[in-house]
>>> print(open('model_27.txt').read())   # compact mmCIF, C-alpha atoms and all ligand atoms
# COMPACT_ATOMS: atom_id res chain seq x y z
CA MET A 1 -12.96 43.33 7.91
CA GLU A 2 -11.47 39.89 8.58
CA SER A 3 -9.16 39.80 11.58
CA VAL A 4 -5.51 38.80 11.25
CA ALA A 5 -6.23 35.79 13.48
CA ASN A 6 -9.04 34.64 11.18
CA GLN A 7 -6.82 35.02 8.15
CA ARG A 8 -4.18 32.84 9.81
CA ILE A 9 -6.79 30.21 10.62
CA ALA A 10 -7.96 30.25 7.00
CA ARG A 11 -4.39 29.72 5.82
CA VAL A 12 -3.73 26.82 8.18
CA SER A 13 -7.01 25.11 7.27
CA ALA A 14 -6.25 25.46 3.59
CA HIS A 15 -2.83 23.89 4.12
CA LEU A 16 -4.57 20.73 5.28
CA GLN A 17 -7.02 20.25 2.45
CA PRO A 18 -6.44 17.23 0.30
CA PRO A 19 -5.34 18.11 -3.25
CA ASN A 20 -7.97 18.88 -5.84
CA SER A 21 -10.71 18.84 -3.23
CA GLN A 22 -13.61 21.20 -3.85
CA THR A 23 -12.45 23.47 -1.05
CA GLU A 24 -9.05 24.11 -2.64
CA GLU A 25 -10.62 26.45 -5.16
CA SER A 26 -11.44 28.96 -2.42
CA CYS A 27 -8.29 28.49 -0.36
CA VAL A 28 -6.09 31.41 0.59
CA LEU A 29 -3.05 29.11 0.59
CA LYS A 30 -2.87 26.26 -1.91
CA ARG A 31 -1.19 22.95 -1.15
CA THR A 32 1.45 23.74 -3.73
CA ASP A 33 2.35 26.84 -1.72
CA CYS A 34 3.17 24.78 1.35
CA ARG A 35 6.74 24.30 2.38
CA ALA A 36 6.34 20.60 3.30
CA LYS A 37 6.60 18.75 -0.01
CA GLY A 38 7.52 15.31 1.20
CA GLY A 39 11.22 15.92 0.86
CA ALA A 40 12.13 13.84 3.91
CA PRO A 41 13.99 10.61 3.15
CA GLY A 42 11.73 7.62 2.81
CA PHE A 43 9.48 5.79 0.39
CA LYS A 44 6.36 6.89 -1.45
CA VAL A 45 3.43 4.60 -0.77
CA ALA A 46 -0.09 4.56 -2.25
CA ILE A 47 -3.07 2.75 -0.76
CA LEU A 48 -5.87 2.03 -3.26
CA GLY A 49 -9.13 1.45 -1.38
CA ALA A 50 -7.90 3.61 1.49
CA ALA A 51 -11.36 4.54 2.82
CA GLY A 52 -12.42 0.94 3.43
CA GLY A 53 -12.48 -1.32 6.45
CA ILE A 54 -8.87 -2.36 5.84
CA GLY A 55 -7.80 0.83 4.11
CA GLN A 56 -8.44 3.19 7.04
CA PRO A 57 -6.46 1.40 9.77
CA LEU A 58 -3.85 0.51 7.16
CA ALA A 59 -3.49 4.19 6.26
CA MET A 60 -3.16 5.08 9.92
CA LEU A 61 -0.48 2.49 10.53
CA MET A 62 1.45 3.43 7.38
CA LYS A 63 1.37 7.08 8.49
CA MET A 64 3.17 5.87 11.63
CA ASN A 65 5.84 4.01 9.64
CA PRO A 66 9.15 5.94 9.69
CA LEU A 67 10.15 4.44 6.32
CA VAL A 68 7.28 6.28 4.59
CA SER A 69 7.82 9.88 3.45
CA VAL A 70 4.73 10.30 1.25
CA LEU A 71 1.41 8.49 1.65
CA HIS A 72 -1.21 8.71 -1.11
CA LEU A 73 -4.75 7.64 -0.14
CA TYR A 74 -7.02 6.76 -3.09
CA ASP A 75 -10.61 5.58 -3.04
CA VAL A 76 -13.81 6.06 -4.99
CA VAL A 77 -15.54 7.35 -1.82
CA ASN A 78 -14.55 9.35 1.29
CA ALA A 79 -10.85 9.73 0.45
CA PRO A 80 -10.79 13.44 1.42
CA GLY A 81 -12.29 12.69 4.84
CA VAL A 82 -9.88 9.90 5.65
CA THR A 83 -6.99 12.03 4.38
CA ALA A 84 -7.93 15.04 6.48
CA ASP A 85 -8.22 12.82 9.54
CA ILE A 86 -4.95 10.91 9.06
CA SER A 87 -3.05 14.07 8.09
CA HIS A 88 -3.45 15.44 11.63
CA MET A 89 -1.14 12.76 13.01
CA ASP A 90 2.20 14.30 13.99
CA THR A 91 4.31 11.70 12.21
CA GLY A 92 6.71 12.26 9.31
CA ALA A 93 4.82 11.13 6.22
CA VAL A 94 3.07 13.74 4.08
CA VAL A 95 -0.47 12.55 3.30
CA ARG A 96 -2.44 13.35 0.14
CA GLY A 97 -5.93 12.22 -0.80
CA PHE A 98 -7.28 11.26 -4.23
CA LEU A 99 -10.94 10.70 -5.01
CA GLY A 100 -12.32 8.71 -7.93
CA GLN A 101 -11.03 7.43 -11.24
CA PRO A 102 -10.00 10.86 -12.66
CA GLN A 103 -7.46 11.17 -9.81
CA LEU A 104 -6.08 7.61 -9.98
CA GLU A 105 -3.09 8.57 -12.11
CA SER A 106 -2.10 11.46 -9.84
CA ALA A 107 -2.32 9.06 -6.90
CA LEU A 108 0.09 6.63 -8.55
CA ILE A 109 2.77 8.74 -10.23
CA GLY A 110 6.16 8.25 -8.56
CA MET A 111 5.09 5.58 -6.07
CA ASP A 112 7.59 3.00 -4.75
CA LEU A 113 4.98 0.72 -3.18
CA VAL A 114 1.28 0.34 -4.03
CA ILE A 115 -0.94 -1.51 -1.57
CA ILE A 116 -4.34 -2.62 -2.93
CA PRO A 117 -7.15 -3.49 -0.52
CA ALA A 118 -9.89 -2.17 -2.88
CA GLY A 119 -12.93 -4.34 -3.46
CA VAL A 120 -15.91 -5.94 -1.78
CA PRO A 121 -15.53 -8.23 1.25
CA ARG A 122 -17.37 -11.50 2.01
CA LYS A 123 -20.65 -11.91 3.85
CA PRO A 124 -21.53 -15.12 5.75
CA GLY A 125 -22.10 -18.06 3.40
CA MET A 126 -19.87 -16.67 0.63
CA THR A 127 -16.53 -18.03 -0.54
CA ARG A 128 -13.74 -15.69 -1.57
CA ASP A 129 -14.33 -16.82 -5.14
CA ASP A 130 -17.86 -15.36 -4.92
CA LEU A 131 -16.14 -11.94 -4.89
CA PHE A 132 -14.47 -12.59 -8.26
CA ASN A 133 -17.12 -10.97 -10.47
CA ILE A 134 -16.84 -7.57 -8.77
CA ASN A 135 -13.23 -7.52 -7.59
CA ALA A 136 -11.64 -8.82 -10.81
CA GLY A 137 -12.69 -5.68 -12.70
CA ILE A 138 -11.60 -3.38 -9.86
CA VAL A 139 -8.15 -4.98 -9.71
CA ARG A 140 -7.79 -4.81 -13.50
CA THR A 141 -8.54 -1.07 -13.58
CA LEU A 142 -6.21 -0.28 -10.70
CA CYS A 143 -3.38 -2.36 -12.14
CA GLU A 144 -3.76 -0.65 -15.52
CA GLY A 145 -3.12 2.57 -13.61
CA VAL A 146 -0.04 1.08 -11.94
CA ALA A 147 1.31 -0.12 -15.30
CA LYS A 148 0.89 3.36 -16.75
CA CYS A 149 2.01 5.55 -13.85
CA CYS A 150 4.45 3.59 -11.65
CA PRO A 151 5.50 0.45 -13.55
CA ASN A 152 8.49 -0.07 -11.26
CA ALA A 153 6.51 0.02 -8.02
CA ILE A 154 6.21 -3.02 -5.79
CA VAL A 155 2.55 -4.08 -5.65
CA ASN A 156 1.02 -5.67 -2.53
CA LEU A 157 -2.31 -7.15 -3.59
CA ILE A 158 -4.84 -7.78 -0.81
CA SER A 159 -8.17 -7.81 -2.71
CA ASN A 160 -9.82 -11.23 -2.80
CA PRO A 161 -9.82 -13.78 -4.22
CA VAL A 162 -6.02 -13.36 -4.02
CA ASN A 163 -5.51 -16.72 -5.78
CA SER A 164 -7.13 -15.14 -8.86
CA THR A 165 -6.45 -11.41 -8.47
CA VAL A 166 -2.66 -11.90 -8.53
CA PRO A 167 -2.83 -13.75 -11.90
CA ILE A 168 -5.17 -10.98 -13.13
CA ALA A 169 -2.63 -8.33 -12.16
CA ALA A 170 0.18 -10.30 -13.83
CA GLU A 171 -1.80 -10.50 -17.08
CA VAL A 172 -2.58 -6.76 -16.99
CA PHE A 173 1.12 -5.99 -16.53
CA LYS A 174 2.11 -8.43 -19.30
CA LYS A 175 -0.35 -6.77 -21.67
CA ALA A 176 1.14 -3.38 -20.81
CA GLY A 177 4.69 -4.72 -21.26
CA THR A 178 5.64 -3.84 -17.68
CA TYR A 179 5.44 -7.22 -15.93
CA ASP A 180 8.21 -7.97 -13.47
CA PRO A 181 7.21 -11.07 -11.47
CA LYS A 182 9.43 -10.01 -8.57
CA ARG A 183 7.40 -6.86 -7.99
CA LEU A 184 3.93 -8.43 -7.74
CA LEU A 185 3.13 -9.95 -4.35
CA GLY A 186 -0.18 -11.38 -3.15
CA VAL A 187 -0.52 -10.67 0.57
CA THR A 188 -0.92 -13.89 2.58
CA MET A 189 0.59 -12.42 5.73
CA LEU A 190 -2.69 -12.69 7.65
CA ASP A 191 -2.49 -16.48 7.38
CA VAL A 192 0.99 -16.38 8.94
CA VAL A 193 -0.19 -13.96 11.65
CA ARG A 194 -3.10 -16.28 12.47
CA ALA A 195 -0.89 -19.36 12.42
CA ASN A 196 1.57 -17.74 14.84
CA THR A 197 -1.27 -16.72 17.16
CA PHE A 198 -3.13 -20.04 17.18
CA VAL A 199 0.04 -22.13 17.52
CA ALA A 200 1.20 -19.92 20.39
CA GLU A 201 -2.16 -20.48 22.11
CA VAL A 202 -1.82 -24.26 21.83
CA LEU A 203 1.81 -24.31 22.98
CA GLY A 204 1.37 -21.69 25.71
CA LEU A 205 3.93 -19.36 24.11
CA ASP A 206 4.13 -15.64 23.34
CA PRO A 207 3.00 -15.32 19.65
CA ARG A 208 5.98 -13.05 19.00
CA GLU A 209 8.26 -16.04 19.61
CA VAL A 210 6.46 -18.19 17.03
CA ASP A 211 7.02 -18.32 13.27
CA VAL A 212 4.95 -20.70 11.15
CA PRO A 213 5.41 -20.75 7.36
CA VAL A 214 2.08 -20.85 5.51
CA VAL A 215 2.29 -21.87 1.85
CA GLY A 216 -0.02 -22.44 -1.13
CA GLY A 217 -2.60 -19.70 -1.54
CA HIS A 218 -5.18 -17.67 0.35
CA ALA A 219 -8.50 -19.55 0.43
CA GLY A 220 -9.68 -22.63 2.34
CA VAL A 221 -7.60 -25.74 1.61
CA THR A 222 -5.11 -23.72 -0.44
CA ILE A 223 -3.92 -22.22 2.88
CA LEU A 224 -1.36 -24.78 4.01
CA PRO A 225 0.38 -24.16 7.34
CA LEU A 226 3.64 -26.09 7.66
CA LEU A 227 3.51 -26.91 11.36
CA SER A 228 6.45 -29.30 10.95
CA GLN A 229 8.60 -26.23 10.16
CA ALA A 230 7.28 -24.07 13.02
CA LYS A 231 9.77 -22.12 15.08
CA PRO A 232 10.52 -22.84 17.82
CA PRO A 233 10.63 -26.51 16.70
CA SER A 234 7.58 -28.17 18.26
CA SER A 235 5.75 -31.47 18.03
CA PHE A 236 1.98 -31.60 17.69
CA THR A 237 -0.43 -34.48 18.31
CA PRO A 238 -2.57 -35.54 15.31
CA GLU A 239 -5.54 -33.80 17.02
CA GLU A 240 -3.58 -30.57 17.50
CA THR A 241 -2.40 -30.70 13.88
CA GLU A 242 -5.96 -31.16 12.61
CA TYR A 243 -7.36 -28.44 14.89
CA LEU A 244 -4.65 -25.92 14.02
CA THR A 245 -4.68 -26.57 10.28
CA LYS A 246 -8.47 -26.19 10.08
CA ARG A 247 -8.52 -23.10 12.31
CA ILE A 248 -5.84 -21.38 10.22
CA GLN A 249 -7.60 -22.34 6.96
CA ASP A 250 -10.97 -21.12 8.29
CA GLY A 251 -9.65 -18.03 10.12
CA GLY A 252 -11.22 -15.65 7.59
CA THR A 253 -14.58 -17.41 7.80
CA GLU A 254 -14.42 -17.28 11.62
CA VAL A 255 -14.25 -13.47 11.41
CA VAL A 256 -16.86 -13.20 8.62
CA GLN A 257 -19.33 -15.18 10.75
CA ALA A 258 -18.55 -13.23 13.92
CA LYS A 259 -19.10 -9.94 12.05
CA ALA A 260 -22.46 -11.36 10.86
CA GLY A 261 -22.79 -9.44 7.60
CA ALA A 262 -20.66 -6.42 8.54
CA GLY A 263 -17.65 -7.55 6.48
CA SER A 264 -14.52 -9.60 6.98
CA ALA A 265 -11.21 -9.17 8.81
CA THR A 266 -10.10 -5.54 8.68
CA LEU A 267 -8.06 -4.73 11.80
CA SER A 268 -5.95 -7.90 11.88
CA MET A 269 -5.60 -7.53 8.10
CA ALA A 270 -4.39 -3.94 8.39
CA TYR A 271 -1.86 -5.13 10.98
CA ALA A 272 -0.73 -7.95 8.69
CA ALA A 273 -0.62 -5.66 5.64
CA VAL A 274 1.61 -3.18 7.48
CA LYS A 275 3.86 -5.96 8.73
CA PHE A 276 4.26 -7.12 5.12
CA ALA A 277 4.57 -3.62 3.61
CA ASP A 278 7.22 -2.76 6.18
CA ALA A 279 9.16 -5.87 5.15
CA CYS A 280 8.91 -4.81 1.48
CA LEU A 281 10.19 -1.31 2.36
CA ARG A 282 13.08 -2.73 4.38
CA GLY A 283 13.90 -4.90 1.35
CA LEU A 284 13.74 -1.84 -0.93
CA ARG A 285 16.09 -0.04 1.47
CA GLY A 286 18.59 -2.87 1.02
CA ASP A 287 18.30 -4.59 4.40
CA ALA A 288 19.71 -8.10 4.38
CA SER A 289 17.66 -11.24 5.09
CA VAL A 290 14.12 -9.86 4.95
CA VAL A 291 12.04 -13.01 4.52
CA GLU A 292 8.23 -13.35 4.57
CA CYS A 293 5.61 -15.58 2.95
CA ALA A 294 3.81 -14.23 -0.13
CA PHE A 295 1.81 -15.49 -3.13
CA VAL A 296 4.14 -14.88 -6.08
CA ALA A 297 5.15 -16.14 -9.52
CA SER A 298 6.92 -19.35 -8.65
CA GLU A 299 8.67 -22.45 -9.94
CA VAL A 300 8.41 -24.25 -6.60
CA THR A 301 5.53 -26.39 -7.91
CA GLU A 302 4.13 -26.93 -11.41
CA LEU A 303 1.73 -24.00 -10.78
CA PRO A 304 2.66 -20.55 -12.11
CA PHE A 305 1.87 -18.90 -8.74
CA PHE A 306 2.36 -20.24 -5.24
CA ALA A 307 2.90 -18.84 -1.76
CA THR A 308 6.16 -19.69 -0.01
CA LYS A 309 8.78 -17.79 1.88
CA VAL A 310 10.46 -15.16 -0.29
CA ARG A 311 13.46 -12.92 0.29
CA LEU A 312 12.54 -9.28 -0.18
CA GLY A 313 15.13 -6.96 -1.66
CA ARG A 314 15.59 -3.84 -3.76
CA ARG A 315 13.76 -5.45 -6.70
CA GLY A 316 10.94 -7.10 -4.71
CA ALA A 317 10.80 -10.88 -4.21
CA GLU A 318 14.40 -11.51 -5.23
CA GLU A 319 14.47 -15.13 -4.11
CA VAL A 320 11.61 -17.62 -3.87
CA TYR A 321 12.38 -20.39 -1.38
CA GLN A 322 11.57 -24.07 -1.84
CA LEU A 323 8.97 -25.77 0.35
CA GLY A 324 11.45 -27.66 2.52
CA PRO A 325 10.71 -31.07 4.00
CA LEU A 326 6.99 -31.85 4.47
CA ASN A 327 5.42 -34.55 6.64
CA GLU A 328 2.76 -36.92 5.32
CA TYR A 329 -0.15 -34.73 6.56
CA GLU A 330 1.32 -31.72 4.75
CA ARG A 331 1.99 -33.73 1.56
CA VAL A 332 -1.70 -34.71 1.39
CA GLY A 333 -2.66 -31.08 2.09
CA LEU A 334 -0.36 -29.90 -0.69
CA GLN A 335 -2.13 -32.06 -3.30
CA LYS A 336 -5.54 -30.65 -2.26
CA ALA A 337 -4.18 -27.11 -2.26
CA LYS A 338 -2.67 -27.43 -5.75
CA LYS A 339 -5.89 -28.80 -7.26
CA GLU A 340 -7.99 -25.83 -6.10
CA LEU A 341 -5.22 -23.31 -6.77
CA ALA A 342 -4.81 -24.43 -10.38
CA GLU A 343 -8.47 -23.59 -11.10
CA SER A 344 -8.38 -20.21 -9.34
CA ILE A 345 -5.19 -19.19 -11.13
CA GLN A 346 -6.60 -20.20 -14.51
CA LYS A 347 -9.81 -18.28 -13.81
CA GLY A 348 -7.78 -15.12 -13.21
CA ILE A 349 -5.65 -15.57 -16.32
CA SER A 350 -8.72 -16.26 -18.51
CA PHE A 351 -10.46 -13.11 -17.22
CA ILE A 352 -7.85 -10.96 -18.99
CA ARG A 353 -7.01 -13.20 -21.95
CA LYS A 354 -10.63 -13.93 -22.95
N1 LIG A 401 -5.54 -10.88 1.49
C1 LIG A 401 -6.12 -11.01 2.66
O1 LIG A 401 -5.63 -11.68 3.56
C2 LIG A 401 -7.42 -10.28 2.94
C3 LIG A 401 -7.87 -10.13 4.25
C4 LIG A 401 -9.03 -9.44 4.49
C5 LIG A 401 -9.77 -8.90 3.43
N2 LIG A 401 -9.29 -9.06 2.16
C6 LIG A 401 -10.02 -8.49 1.03
O2 LIG A 401 -9.76 -7.10 0.96
C7 LIG A 401 -10.81 -6.44 0.25
C8 LIG A 401 -11.27 -5.20 1.00
O3 LIG A 401 -11.85 -5.55 2.23
P1 LIG A 401 -12.48 -4.42 3.20
O4 LIG A 401 -12.97 -5.12 4.39
O5 LIG A 401 -11.53 -3.30 3.33
O6 LIG A 401 -13.71 -3.95 2.29
P2 LIG A 401 -14.49 -2.53 2.37
O7 LIG A 401 -15.71 -2.68 1.56
O8 LIG A 401 -14.61 -2.11 3.77
O9 LIG A 401 -13.47 -1.53 1.66
C9 LIG A 401 -13.16 -1.63 0.32
C10 LIG A 401 -12.86 -0.25 -0.19
O10 LIG A 401 -12.54 -0.37 -1.57
C11 LIG A 401 -13.09 0.75 -2.22
N3 LIG A 401 -13.24 0.53 -3.64
C12 LIG A 401 -14.20 -0.14 -4.32
N4 LIG A 401 -13.97 -0.06 -5.63
C13 LIG A 401 -12.84 0.66 -5.79
C14 LIG A 401 -12.11 1.09 -6.93
N5 LIG A 401 -12.49 0.79 -8.16
N6 LIG A 401 -11.00 1.83 -6.71
C15 LIG A 401 -10.60 2.13 -5.45
N7 LIG A 401 -11.28 1.76 -4.35
C16 LIG A 401 -12.38 1.04 -4.53
C17 LIG A 401 -14.43 0.98 -1.52
O11 LIG A 401 -14.92 2.28 -1.77
C18 LIG A 401 -14.05 0.72 -0.09
O12 LIG A 401 -13.66 1.91 0.56
C19 LIG A 401 -11.89 -7.51 0.08
O13 LIG A 401 -11.81 -8.04 -1.22
C20 LIG A 401 -11.52 -8.56 1.09
O14 LIG A 401 -12.00 -9.84 0.76
C21 LIG A 401 -8.14 -9.74 1.91
O1 LIG A 402 -12.01 -14.28 4.76
C1 LIG A 402 -12.12 -13.30 4.04
O2 LIG A 402 -13.02 -13.18 3.19
C2 LIG A 402 -11.16 -12.14 4.20
C3 LIG A 402 -9.73 -12.56 4.24
O3 LIG A 402 -9.36 -13.28 3.11
C4 LIG A 402 -9.34 -13.29 5.50
O4 LIG A 402 -8.62 -14.29 5.41
O5 LIG A 402 -9.73 -12.83 6.59
>>> encode(input="model_27.txt", output="structure tokens", more="lines below")
Ligand SMILES: NC(=O)c1ccc[n+]([C@@H]2O[C@H](COP(=O)([O-])OP(=O)(O)OC[C@H]3O[C@@H](n4cnc5c(N)ncnc54)[C@H](O)[C@@H]3O)[C@@H](O)[C@H]2O)c1
Ligand SMILES: O=C(O)C[C@H](O)C(=O)O
Amino acid sequence: MESVANQRIARVSAHLQPPNSQTEESCVLKRTDCRAKGGAPGFKVAILGAAGGIGQPLAMLMKMNPLVSVLHLYDVVNAPGVTADISHMDTGAVVRGFLGQPQLESALIGMDLVIIPAGVPRKPGMTRDDLFNINAGIVRTLCEGVAKCCPNAIVNLISNPVNSTVPIAAEVFKKAGTYDPKRLLGVTMLDVVRANTFVAEVLGLDPREVDVPVVGGHAGVTILPLLSQAKPPSSFTPEETEYLTKRIQDGGTEVVQAKAGAGSATLSMAYAAVKFADACLRGLRGDASVVECAFVASEVTELPFFATKVRLGRRGAEEVYQLGPLNEYERVGLQKAKKELAESIQKGISFIRK
């Protein structure tokens, strides 16, 4: 006969199984029986691609975020494992795992914020655009799920090429009749994080004291750091400007080459994604003056999408800021950025409209 202690252990283990996992069938205590149902105040956040190189540290950091009450982890592989692991952290958010397409809708229902790092990363020698053929379809499917299950959620899109995947998402939402440009944000925060770090190195400052706006898009020359608007106000020699601009534009490639075939930036990206998601949640909560750079629907240039500073509020990117004064170096950079961006945006739009 099973001992009382063993029965207790069986109950506790069952409590921790992710929903709909194979083991739930044989559980003594089902998840629905548990008293913790995510009732604590906070936001409901889903990560799509949660078992990946970005997804795992991102899930861990979001589990540590006090603004999150429920965290849904969705992937086509290994979601139960990541969920079991993260769910042992003694922080407030309730974690649930969802595996594969049949569970996508359950993962999305009721979410306030959906973060999407699903898709393949670069290998050395590839451009972000080389990822289009695989990632475009992944983003389309996931955004169809968002449109159906949580059309009012804020979407943070990380999957590359961001310059095309954001227009793809917009077209999916338009088709579904749910498009709200304020709620769709391409994540370019890593460019800002890199710019702050590299500028701080050159100036001999603490990176936490530095804030550099990075505008345009998220690939090569479309990444345009505005060093003339850096805080604290600083002057740079032409050599420093050239070095910093190139290093920020090639930051992703620097990591891809260093990882030598094992993927692209994951840890710094998870950090940047959480920094951005936290800003979105503070905006949703109604905090005043939450401002970050993001790739959004925009009228700042003639292009339909562009990254600039935006003010985040209860409805997402409530205000899109103008570029501000540019120096000659930045004006030349802007022309180059717009040319490449126009093609990438059109490629994304055509993928859905074709
Ligand atoms: N925006 C940025 O600044 C930035 C920075 C770094 C990486 N990225 C991009 O993020 C993406 C992910 O990078 P990674 O290093 O985490 O890659 P990864 O391969 O380690 O992880 C991707 C995850 O997505 C999952 N996935 C694949 N298809 C899916 C689907 N249909 N539904 C749900 N999940 C699916 C995979 O199973 C995997 O777990 C890449 O496209 C990469 O280029 C963007
Ligand atoms: O460079 C990549 O492919 C990943 C990401 O876009 C990055 O900037 O690190």
>>> residues_near_ligand(input="model_27.txt", ligand="ligand LIG 401 (chain A)", cutoff="7 Å", atoms="all atoms listed in the file", output="PyMOL selection string")
chain A and resi 48-55+74-77+117-122+128+131+135+138+141-142+158-162+187-191+218+263-266+269
>>> write_last_selection(input="model_27.txt", atoms="C-alpha atoms", output="PDB file, in the coordinates of the input")
ATOM      1  CA  LEU A  48      -5.870   2.030  -3.260  1.00  0.00           C
ATOM      2  CA  GLY A  49      -9.130   1.450  -1.380  1.00  0.00           C
ATOM      3  CA  ALA A  50      -7.900   3.610   1.490  1.00  0.00           C
ATOM      4  CA  ALA A  51     -11.360   4.540   2.820  1.00  0.00           C
ATOM      5  CA  GLY A  52     -12.420   0.940   3.430  1.00  0.00           C
ATOM      6  CA  GLY A  53     -12.480  -1.320   6.450  1.00  0.00           C
ATOM      7  CA  ILE A  54      -8.870  -2.360   5.840  1.00  0.00           C
ATOM      8  CA  GLY A  55      -7.800   0.830   4.110  1.00  0.00           C
ATOM      9  CA  TYR A  74      -7.020   6.760  -3.090  1.00  0.00           C
ATOM     10  CA  ASP A  75     -10.610   5.580  -3.040  1.00  0.00           C
ATOM     11  CA  VAL A  76     -13.810   6.060  -4.990  1.00  0.00           C
ATOM     12  CA  VAL A  77     -15.540   7.350  -1.820  1.00  0.00           C
ATOM     13  CA  PRO A 117      -7.150  -3.490  -0.520  1.00  0.00           C
ATOM     14  CA  ALA A 118      -9.890  -2.170  -2.880  1.00  0.00           C
ATOM     15  CA  GLY A 119     -12.930  -4.340  -3.460  1.00  0.00           C
ATOM     16  CA  VAL A 120     -15.910  -5.940  -1.780  1.00  0.00           C
ATOM     17  CA  PRO A 121     -15.530  -8.230   1.250  1.00  0.00           C
ATOM     18  CA  ARG A 122     -17.370 -11.500   2.010  1.00  0.00           C
ATOM     19  CA  ARG A 128     -13.740 -15.690  -1.570  1.00  0.00           C
ATOM     20  CA  LEU A 131     -16.140 -11.940  -4.890  1.00  0.00           C
ATOM     21  CA  ASN A 135     -13.230  -7.520  -7.590  1.00  0.00           C
ATOM     22  CA  ILE A 138     -11.600  -3.380  -9.860  1.00  0.00           C
ATOM     23  CA  THR A 141      -8.540  -1.070 -13.580  1.00  0.00           C
ATOM     24  CA  LEU A 142      -6.210  -0.280 -10.700  1.00  0.00           C
ATOM     25  CA  ILE A 158      -4.840  -7.780  -0.810  1.00  0.00           C
ATOM     26  CA  SER A 159      -8.170  -7.810  -2.710  1.00  0.00           C
ATOM     27  CA  ASN A 160      -9.820 -11.230  -2.800  1.00  0.00           C
ATOM     28  CA  PRO A 161      -9.820 -13.780  -4.220  1.00  0.00           C
ATOM     29  CA  VAL A 162      -6.020 -13.360  -4.020  1.00  0.00           C
ATOM     30  CA  VAL A 187      -0.520 -10.670   0.570  1.00  0.00           C
ATOM     31  CA  THR A 188      -0.920 -13.890   2.580  1.00  0.00           C
ATOM     32  CA  MET A 189       0.590 -12.420   5.730  1.00  0.00           C
ATOM     33  CA  LEU A 190      -2.690 -12.690   7.650  1.00  0.00           C
ATOM     34  CA  ASP A 191      -2.490 -16.480   7.380  1.00  0.00           C
ATOM     35  CA  HIS A 218      -5.180 -17.670   0.350  1.00  0.00           C
ATOM     36  CA  GLY A 263     -17.650  -7.550   6.480  1.00  0.00           C
ATOM     37  CA  SER A 264     -14.520  -9.600   6.980  1.00  0.00           C
ATOM     38  CA  ALA A 265     -11.210  -9.170   8.810  1.00  0.00           C
ATOM     39  CA  THR A 266     -10.100  -5.540   8.680  1.00  0.00           C
ATOM     40  CA  MET A 269      -5.600  -7.530   8.100  1.00  0.00           C
TER      41      MET A 269
END
>>> residues_near_point(input="model_27.txt", point="(-2.0, 14.1, -7.5)", cutoff="9 Å", atoms="all atoms listed in the file", output="list in words")
Pro19, Asn20, His72, Arg96, Gly97, Phe98, Gln103, Leu104, Glu105, Ser106, Ala107, Leu108 and Ile109 of chain A
>>> closest_residue(input="model_27.txt", among="A:Leu267, A:Cys280, A:Ala294, A:Val139", to="Leu67 in chain A", atoms="only C-alpha atoms")
A:Cys280
>>> closest_residue(input="model_27.txt", among="A:Gly204, A:Gly286, A:Gly324, A:Pro151", to="Tyr179 in chain A", atoms="only C-alpha atoms")
A:Pro151
>>> residues_around(input="model_27.txt", residues="Asp112 in chain A", least_positions_apart="5", cutoff="6 Å", atoms="only C-alpha atoms", output="ChimeraX atom specification")
/A:44-45,153
>>> residues_around(input="model_27.txt", residues="Pro238 in chain A", least_positions_apart="3", cutoff="12 Å", atoms="all atoms listed in the file", output="PyMOL selection string")
chain A and resi 227-228+235+241-245+327-330
>>> atom_distance(input="model_27.txt", atom1="CA of Pro181 in chain A", atom2="CA of Asp250 in chain A")
28.7 Å
>>> atom_distance(input="model_27.txt", atom1="atom O5 of ligand LIG 402 (chain A)", atom2="CA of Lys354 in chain A")
29.6 Å
>>> atom_distance(input="model_27.txt", atom1="CA of Pro41 in chain A", atom2="CA of Pro57 in chain A")
23.4 Å
>>> decode(input="model_27.txt", residues="range 285-300 of chain A", atoms="C-alpha atoms", output="CSV table (one decimal), in the first residue's frame")
chain,number,residue,atom,x,y,z
A,285,ARG,CA,-0.3,50.1,-16.0
A,286,GLY,CA,-0.6,53.8,-16.8
A,287,ASP,CA,2.9,55.0,-15.8
A,288,ALA,CA,3.7,58.4,-17.2
A,289,SER,CA,6.6,59.1,-19.6
A,290,VAL,CA,7.6,55.6,-20.6
A,291,VAL,CA,9.7,56.2,-23.7
A,292,GLU,CA,11.7,53.6,-25.7
A,293,CYS,CA,12.7,53.1,-29.3
A,294,ALA,CA,10.7,50.6,-31.4
A,295,PHE,CA,9.9,49.7,-35.0
A,296,VAL,CA,6.3,50.8,-35.4
A,297,ALA,CA,3.8,52.1,-37.9
A,298,SER,CA,4.9,55.6,-38.4
A,299,GLU,CA,4.5,58.9,-40.3
A,300,VAL,CA,7.9,60.2,-39.3
